[in-house]
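> My questions will all concern the structure given below.
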Amino acid sequence: MDAVTILVAERPLVIFSRSTCDMSHSIKTLLHGFGANPTIYELDQIPNGQQIERALQQLGFPNLPVVFIGGECVGGDRQVMSLLLKNQLGPLLKRAGAIWVWNN
């Protein structure tokens with residue numbers, strides 16, 4: 001957990017992903033579409049990726065991607081899509097400073 005906490009500290013939008021994961025690609029594309037520039041950790045491409053993935057699993061996220069907005073874990077792809085459908089994703093990104101402008 002400490003590794004995850006350090007990686008998300010002071011970053012408005014963080015995605016833990018795998019470079020080969022289709023859902024991770026979809027979530028990254030969605031968030032880029034909002035104008036966000038997330039910090040992305042491809043866990044299959046960094047030295048301590050397996051350790052971080054185990055920490056995320058201990059938090060209750062067995063699958064990637066896992067998204068943190070404003071330092072808070074919002075969850076995986078389903079939770080992000082749910083926020084989008086409820087029209088809550090844009091305002092959340094704006095409050096966290098991940099995007100500058102949001103118009104409903």
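In the structure tokens, each chain is lettered A, B, ... as it comes, each chain's residues begin at 1, and ligands are numbered from 1 in order of appearance.
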Once you count only C-alpha atoms, what closest atom pair and distance in Å to one decimal does each residue of segment 41-79 of chain A within 9 Å of segment 91-99 of chain A have, with rows by chain and rising residue number, as JSON lines?


{"residue": "A:Ile69", "atom": "CA", "partner": "A:Ala96", "partner_atom": "CA", "distance": 6.4}
{"residue": "A:Gly70", "atom": "CA", "partner": "A:Ala96", "partner_atom": "CA", "distance": 4.6}
{"residue": "A:Gly71", "atom": "CA", "partner": "A:Ala96", "partner_atom": "CA", "distance": 8.3}

> Those residues with C-alpha atoms, as a tab-separated table (two decimals), in the first residue's frame please?


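Output file again.tsv follows:
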chain	number	residue	atom	x	y	z
A	69	ILE	CA	-8.54	10.94	-8.89
A	70	GLY	CA	-7.40	13.60	-6.45
A	71	GLY	CA	-5.50	11.00	-4.44

> If DSSP is run on the backbone, what residues of chain A are helix (DSSP H, G or I)? A reply as a ChimeraX atom specification would be ideal.

/A:2-8,22-33,49-58,77-85,89-96

> Would you mind reading off the distance between atom CA of Cys21 of chain A and atom CA of Pro65 of chain A, one decimal, in Å?

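These two atoms are separated by 8.2 Å.
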
> Enter the distance from atom CA of Leu64 of chain A to atom CA of Leu85 of chain A, in Å, rounded to one decimal.

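So the two atoms, atom CA of Leu64 of chain A and atom CA of Leu85 of chain A, lie 20.0 Å apart.
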
> Give me the residues within 12 Å of Pro62 of chain A as a VMD selection string, counting only C-alpha atoms and dropping any in the same chain fewer than 3 places off.

chain A and resid 16 to 17 52 to 59 65 to 66 75 to 77

> Kindly save the residues from that selection, with N, CA, C and O atoms included, as a PDB file, in the first residue's frame.


ATOM      1  N   PHE A  16      -3.240   3.004 -12.952  1.00  0.00           N
ATOM      2  CA  PHE A  16      -2.399   1.818 -12.926  1.00  0.00           C
ATOM      3  C   PHE A  16      -2.961   0.880 -13.982  1.00  0.00           C
ATOM      4  O   PHE A  16      -4.148   0.565 -13.983  1.00  0.00           O
ATOM      5  N   SER A  17      -2.098   0.470 -14.894  1.00  0.00           N
ATOM      6  CA  SER A  17      -2.551  -0.182 -16.107  1.00  0.00           C
ATOM      7  C   SER A  17      -1.578  -1.278 -16.518  1.00  0.00           C
ATOM      8  O   SER A  17      -0.525  -1.449 -15.925  1.00  0.00           O
ATOM      9  N   ILE A  52       3.374  -3.507  -6.918  1.00  0.00           N
ATOM     10  CA  ILE A  52       2.280  -2.539  -6.935  1.00  0.00           C
ATOM     11  C   ILE A  52       0.965  -3.236  -7.244  1.00  0.00           C
ATOM     12  O   ILE A  52      -0.057  -2.960  -6.615  1.00  0.00           O
ATOM     13  N   GLU A  53       0.985  -4.163  -8.193  1.00  0.00           N
ATOM     14  CA  GLU A  53      -0.243  -4.886  -8.526  1.00  0.00           C
ATOM     15  C   GLU A  53      -0.758  -5.682  -7.328  1.00  0.00           C
ATOM     16  O   GLU A  53      -1.962  -5.713  -7.062  1.00  0.00           O
ATOM     17  N   ARG A  54       0.140  -6.303  -6.575  1.00  0.00           N
ATOM     18  CA  ARG A  54      -0.276  -7.028  -5.356  1.00  0.00           C
ATOM     19  C   ARG A  54      -0.889  -6.071  -4.337  1.00  0.00           C
ATOM     20  O   ARG A  54      -1.882  -6.389  -3.683  1.00  0.00           O
ATOM     21  N   ALA A  55      -0.307  -4.889  -4.191  1.00  0.00           N
ATOM     22  CA  ALA A  55      -0.857  -3.897  -3.258  1.00  0.00           C
ATOM     23  C   ALA A  55      -2.260  -3.477  -3.695  1.00  0.00           C
ATOM     24  O   ALA A  55      -3.162  -3.335  -2.858  1.00  0.00           O
ATOM     25  N   LEU A  56      -2.460  -3.296  -4.986  1.00  0.00           N
ATOM     26  CA  LEU A  56      -3.796  -2.941  -5.490  1.00  0.00           C
ATOM     27  C   LEU A  56      -4.786  -4.081  -5.254  1.00  0.00           C
ATOM     28  O   LEU A  56      -5.946  -3.841  -4.902  1.00  0.00           O
ATOM     29  N   GLN A  57      -4.332  -5.310  -5.404  1.00  0.00           N
ATOM     30  CA  GLN A  57      -5.193  -6.464  -5.136  1.00  0.00           C
ATOM     31  C   GLN A  57      -5.594  -6.507  -3.669  1.00  0.00           C
ATOM     32  O   GLN A  57      -6.740  -6.820  -3.340  1.00  0.00           O
ATOM     33  N   GLN A  58      -4.668  -6.156  -2.781  1.00  0.00           N
ATOM     34  CA  GLN A  58      -4.980  -6.116  -1.349  1.00  0.00           C
ATOM     35  C   GLN A  58      -6.001  -5.029  -1.032  1.00  0.00           C
ATOM     36  O   GLN A  58      -6.739  -5.132  -0.053  1.00  0.00           O
ATOM     37  N   LEU A  59      -6.040  -4.001  -1.864  1.00  0.00           N
ATOM     38  CA  LEU A  59      -7.040  -2.943  -1.690  1.00  0.00           C
ATOM     39  C   LEU A  59      -8.414  -3.360  -2.219  1.00  0.00           C
ATOM     40  O   LEU A  59      -9.384  -2.634  -2.065  1.00  0.00           O
ATOM     41  N   PRO A  65      -7.671  -1.714 -15.260  1.00  0.00           N
ATOM     42  CA  PRO A  65      -6.994  -0.582 -14.641  1.00  0.00           C
ATOM     43  C   PRO A  65      -7.584  -0.237 -13.274  1.00  0.00           C
ATOM     44  O   PRO A  65      -8.699  -0.635 -12.939  1.00  0.00           O
ATOM     45  N   VAL A  66      -6.786   0.516 -12.513  1.00  0.00           N
ATOM     46  CA  VAL A  66      -7.246   1.114 -11.262  1.00  0.00           C
ATOM     47  C   VAL A  66      -6.934   2.601 -11.361  1.00  0.00           C
ATOM     48  O   VAL A  66      -5.824   2.985 -11.701  1.00  0.00           O
ATOM     49  N   GLY A  75     -11.638   3.421  -8.335  1.00  0.00           N
ATOM     50  CA  GLY A  75     -11.889   2.047  -8.714  1.00  0.00           C
ATOM     51  C   GLY A  75     -11.369   1.704 -10.094  1.00  0.00           C
ATOM     52  O   GLY A  75     -10.462   2.340 -10.612  1.00  0.00           O
ATOM     53  N   GLY A  76     -12.000   0.712 -10.670  1.00  0.00           N
ATOM     54  CA  GLY A  76     -11.596   0.207 -11.967  1.00  0.00           C
ATOM     55  C   GLY A  76     -12.446   0.757 -13.093  1.00  0.00           C
ATOM     56  O   GLY A  76     -13.120   1.779 -12.957  1.00  0.00           O
ATOM     57  N   ASP A  77     -12.419   0.042 -14.197  1.00  0.00           N
ATOM     58  CA  ASP A  77     -13.116   0.505 -15.391  1.00  0.00           C
ATOM     59  C   ASP A  77     -14.621   0.651 -15.165  1.00  0.00           C
ATOM     60  O   ASP A  77     -15.230   1.612 -15.633  1.00  0.00           O
TER      61      ASP A  77
END

> Rank A:Gly33, A:Asn87, A:Thr5, A:Phe61 by their smallest atom-to-atom distance to Val74 of chain A, using only C-alpha atoms, and report the top residue only.

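Using only C-alpha atoms, Val74 of chain A sits closest to A:Phe61.
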
> Please list as a PyMOL selection string every residue within 10 Å of Thr39 of chain A, counting only C-alpha atoms and excluding residues in the same chain fewer than 2 positions away.

chain A and resi 7-8+11-16+36-37+41-42+68

> May I have the residues from that selection written out with all heavy atoms, as an mmCIF file, in the first residue's frame?


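Produced file again.cif, reproduced below:
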data_model
loop_
_atom_site.group_PDB
_atom_site.id
_atom_site.type_symbol
_atom_site.label_atom_id
_atom_site.label_comp_id
_atom_site.auth_asym_id
_atom_site.auth_seq_id
_atom_site.Cartn_x
_atom_site.Cartn_y
_atom_site.Cartn_z
ATOM 1 N N LEU A 7 3.042 6.799 -5.060
ATOM 2 C CA LEU A 7 2.871 7.045 -6.494
ATOM 3 C C LEU A 7 1.690 7.964 -6.816
ATOM 4 O O LEU A 7 1.718 8.663 -7.823
ATOM 5 C CB LEU A 7 2.733 5.722 -7.245
ATOM 6 C CG LEU A 7 3.988 4.846 -7.270
ATOM 7 C CD1 LEU A 7 3.683 3.491 -7.890
ATOM 8 C CD2 LEU A 7 5.118 5.541 -8.007
ATOM 9 N N VAL A 8 0.660 7.960 -5.981
ATOM 10 C CA VAL A 8 -0.506 8.807 -6.275
ATOM 11 C C VAL A 8 -0.444 10.163 -5.573
ATOM 12 O O VAL A 8 -1.222 11.057 -5.899
ATOM 13 C CB VAL A 8 -1.841 8.111 -5.928
ATOM 14 C CG1 VAL A 8 -1.984 6.823 -6.705
ATOM 15 C CG2 VAL A 8 -2.006 7.876 -4.452
ATOM 16 N N ARG A 11 -0.629 13.996 -7.293
ATOM 17 C CA ARG A 11 -0.943 13.890 -8.714
ATOM 18 C C ARG A 11 -2.459 13.852 -8.838
ATOM 19 O O ARG A 11 -3.118 13.061 -8.163
ATOM 20 C CB ARG A 11 -0.320 12.638 -9.318
ATOM 21 C CG ARG A 11 1.192 12.722 -9.372
ATOM 22 C CD ARG A 11 1.782 11.434 -9.917
ATOM 23 N NE ARG A 11 3.225 11.537 -10.021
ATOM 24 C CZ ARG A 11 4.068 11.230 -9.047
ATOM 25 N NH1 ARG A 11 3.607 10.826 -7.883
ATOM 26 N NH2 ARG A 11 5.359 11.336 -9.230
ATOM 27 N N PRO A 12 -3.026 14.690 -9.701
ATOM 28 C CA PRO A 12 -4.485 14.762 -9.763
ATOM 29 C C PRO A 12 -5.147 13.535 -10.373
ATOM 30 O O PRO A 12 -6.279 13.218 -10.033
ATOM 31 C CB PRO A 12 -4.751 15.999 -10.615
ATOM 32 C CG PRO A 12 -3.503 16.233 -11.388
ATOM 33 C CD PRO A 12 -2.384 15.693 -10.548
ATOM 34 N N LEU A 13 -4.441 12.830 -11.264
ATOM 35 C CA LEU A 13 -5.044 11.683 -11.942
ATOM 36 C C LEU A 13 -3.971 10.638 -12.216
ATOM 37 O O LEU A 13 -2.996 10.906 -12.911
ATOM 38 C CB LEU A 13 -5.694 12.131 -13.258
ATOM 39 C CG LEU A 13 -6.323 11.063 -14.133
ATOM 40 C CD1 LEU A 13 -7.415 10.291 -13.386
ATOM 41 C CD2 LEU A 13 -6.888 11.691 -15.402
ATOM 42 N N VAL A 14 -4.174 9.445 -11.644
ATOM 43 C CA VAL A 14 -3.217 8.351 -11.804
ATOM 44 C C VAL A 14 -3.966 7.108 -12.257
ATOM 45 O O VAL A 14 -5.023 6.780 -11.718
ATOM 46 C CB VAL A 14 -2.469 8.057 -10.482
ATOM 47 C CG1 VAL A 14 -1.537 6.853 -10.633
ATOM 48 C CG2 VAL A 14 -1.686 9.275 -10.025
ATOM 49 N N ILE A 15 -3.378 6.434 -13.250
ATOM 50 C CA ILE A 15 -3.942 5.181 -13.742
ATOM 51 C C ILE A 15 -2.880 4.096 -13.617
ATOM 52 O O ILE A 15 -1.766 4.255 -14.109
ATOM 53 C CB ILE A 15 -4.376 5.287 -15.219
ATOM 54 C CG1 ILE A 15 -5.368 6.430 -15.417
ATOM 55 C CG2 ILE A 15 -4.971 3.960 -15.694
ATOM 56 C CD1 ILE A 15 -5.666 6.738 -16.873
ATOM 57 N N PHE A 16 -3.240 3.004 -12.952
ATOM 58 C CA PHE A 16 -2.399 1.818 -12.926
ATOM 59 C C PHE A 16 -2.961 0.880 -13.982
ATOM 60 O O PHE A 16 -4.148 0.565 -13.983
ATOM 61 C CB PHE A 16 -2.430 1.155 -11.545
ATOM 62 C CG PHE A 16 -1.751 1.991 -10.499
ATOM 63 C CD1 PHE A 16 -2.507 2.799 -9.659
ATOM 64 C CD2 PHE A 16 -0.374 1.981 -10.368
ATOM 65 C CE1 PHE A 16 -1.891 3.575 -8.694
ATOM 66 C CE2 PHE A 16 0.250 2.763 -9.394
ATOM 67 C CZ PHE A 16 -0.515 3.556 -8.570
ATOM 68 N N ALA A 36 -7.619 15.468 -19.962
ATOM 69 C CA ALA A 36 -6.740 15.147 -18.839
ATOM 70 C C ALA A 36 -5.421 14.572 -19.352
ATOM 71 O O ALA A 36 -5.365 13.954 -20.419
ATOM 72 C CB ALA A 36 -7.419 14.144 -17.912
ATOM 73 N N ASN A 37 -4.392 14.772 -18.577
ATOM 74 C CA ASN A 37 -3.073 14.208 -18.864
ATOM 75 C C ASN A 37 -2.666 13.363 -17.657
ATOM 76 O O ASN A 37 -1.902 13.818 -16.797
ATOM 77 C CB ASN A 37 -2.062 15.324 -19.136
ATOM 78 C CG ASN A 37 -0.747 14.787 -19.613
ATOM 79 O OD1 ASN A 37 -0.659 13.671 -20.098
ATOM 80 N ND2 ASN A 37 0.303 15.582 -19.461
ATOM 81 N N TYR A 41 0.988 4.413 -14.934
ATOM 82 C CA TYR A 41 1.984 3.414 -14.578
ATOM 83 C C TYR A 41 1.604 2.100 -15.252
ATOM 84 O O TYR A 41 0.601 1.488 -14.892
ATOM 85 C CB TYR A 41 2.065 3.215 -13.059
ATOM 86 C CG TYR A 41 2.541 4.440 -12.333
ATOM 87 C CD1 TYR A 41 1.654 5.265 -11.657
ATOM 88 C CD2 TYR A 41 3.896 4.783 -12.333
ATOM 89 C CE1 TYR A 41 2.102 6.398 -10.996
ATOM 90 C CE2 TYR A 41 4.347 5.916 -11.672
ATOM 91 C CZ TYR A 41 3.445 6.711 -11.006
ATOM 92 O OH TYR A 41 3.882 7.835 -10.348
ATOM 93 N N GLU A 42 2.381 1.713 -16.258
ATOM 94 C CA GLU A 42 2.183 0.435 -16.941
ATOM 95 C C GLU A 42 2.909 -0.621 -16.108
ATOM 96 O O GLU A 42 4.136 -0.721 -16.152
ATOM 97 C CB GLU A 42 2.732 0.495 -18.364
ATOM 98 C CG GLU A 42 2.099 1.551 -19.245
ATOM 99 C CD GLU A 42 0.663 1.258 -19.648
ATOM 100 O OE1 GLU A 42 0.103 0.228 -19.211
ATOM 101 O OE2 GLU A 42 0.097 2.059 -20.404
ATOM 102 N N PHE A 68 -7.042 6.560 -9.770
ATOM 103 C CA PHE A 68 -7.066 7.449 -8.611
ATOM 104 C C PHE A 68 -7.282 8.865 -9.117
ATOM 105 O O PHE A 68 -6.574 9.320 -10.022
ATOM 106 C CB PHE A 68 -5.736 7.391 -7.852
ATOM 107 C CG PHE A 68 -5.541 6.149 -7.036
ATOM 108 C CD1 PHE A 68 -5.210 4.953 -7.646
ATOM 109 C CD2 PHE A 68 -5.678 6.184 -5.665
ATOM 110 C CE1 PHE A 68 -5.021 3.802 -6.896
ATOM 111 C CE2 PHE A 68 -5.489 5.038 -4.905
ATOM 112 C CZ PHE A 68 -5.164 3.842 -5.518
#

> How far is it from atom CA of Phe34 of chain A to atom CA of Trp102 of chain A, in Å with one decimal?

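Atom CA of Trp102 of chain A lies 8.5 Å from atom CA of Phe34 of chain A.
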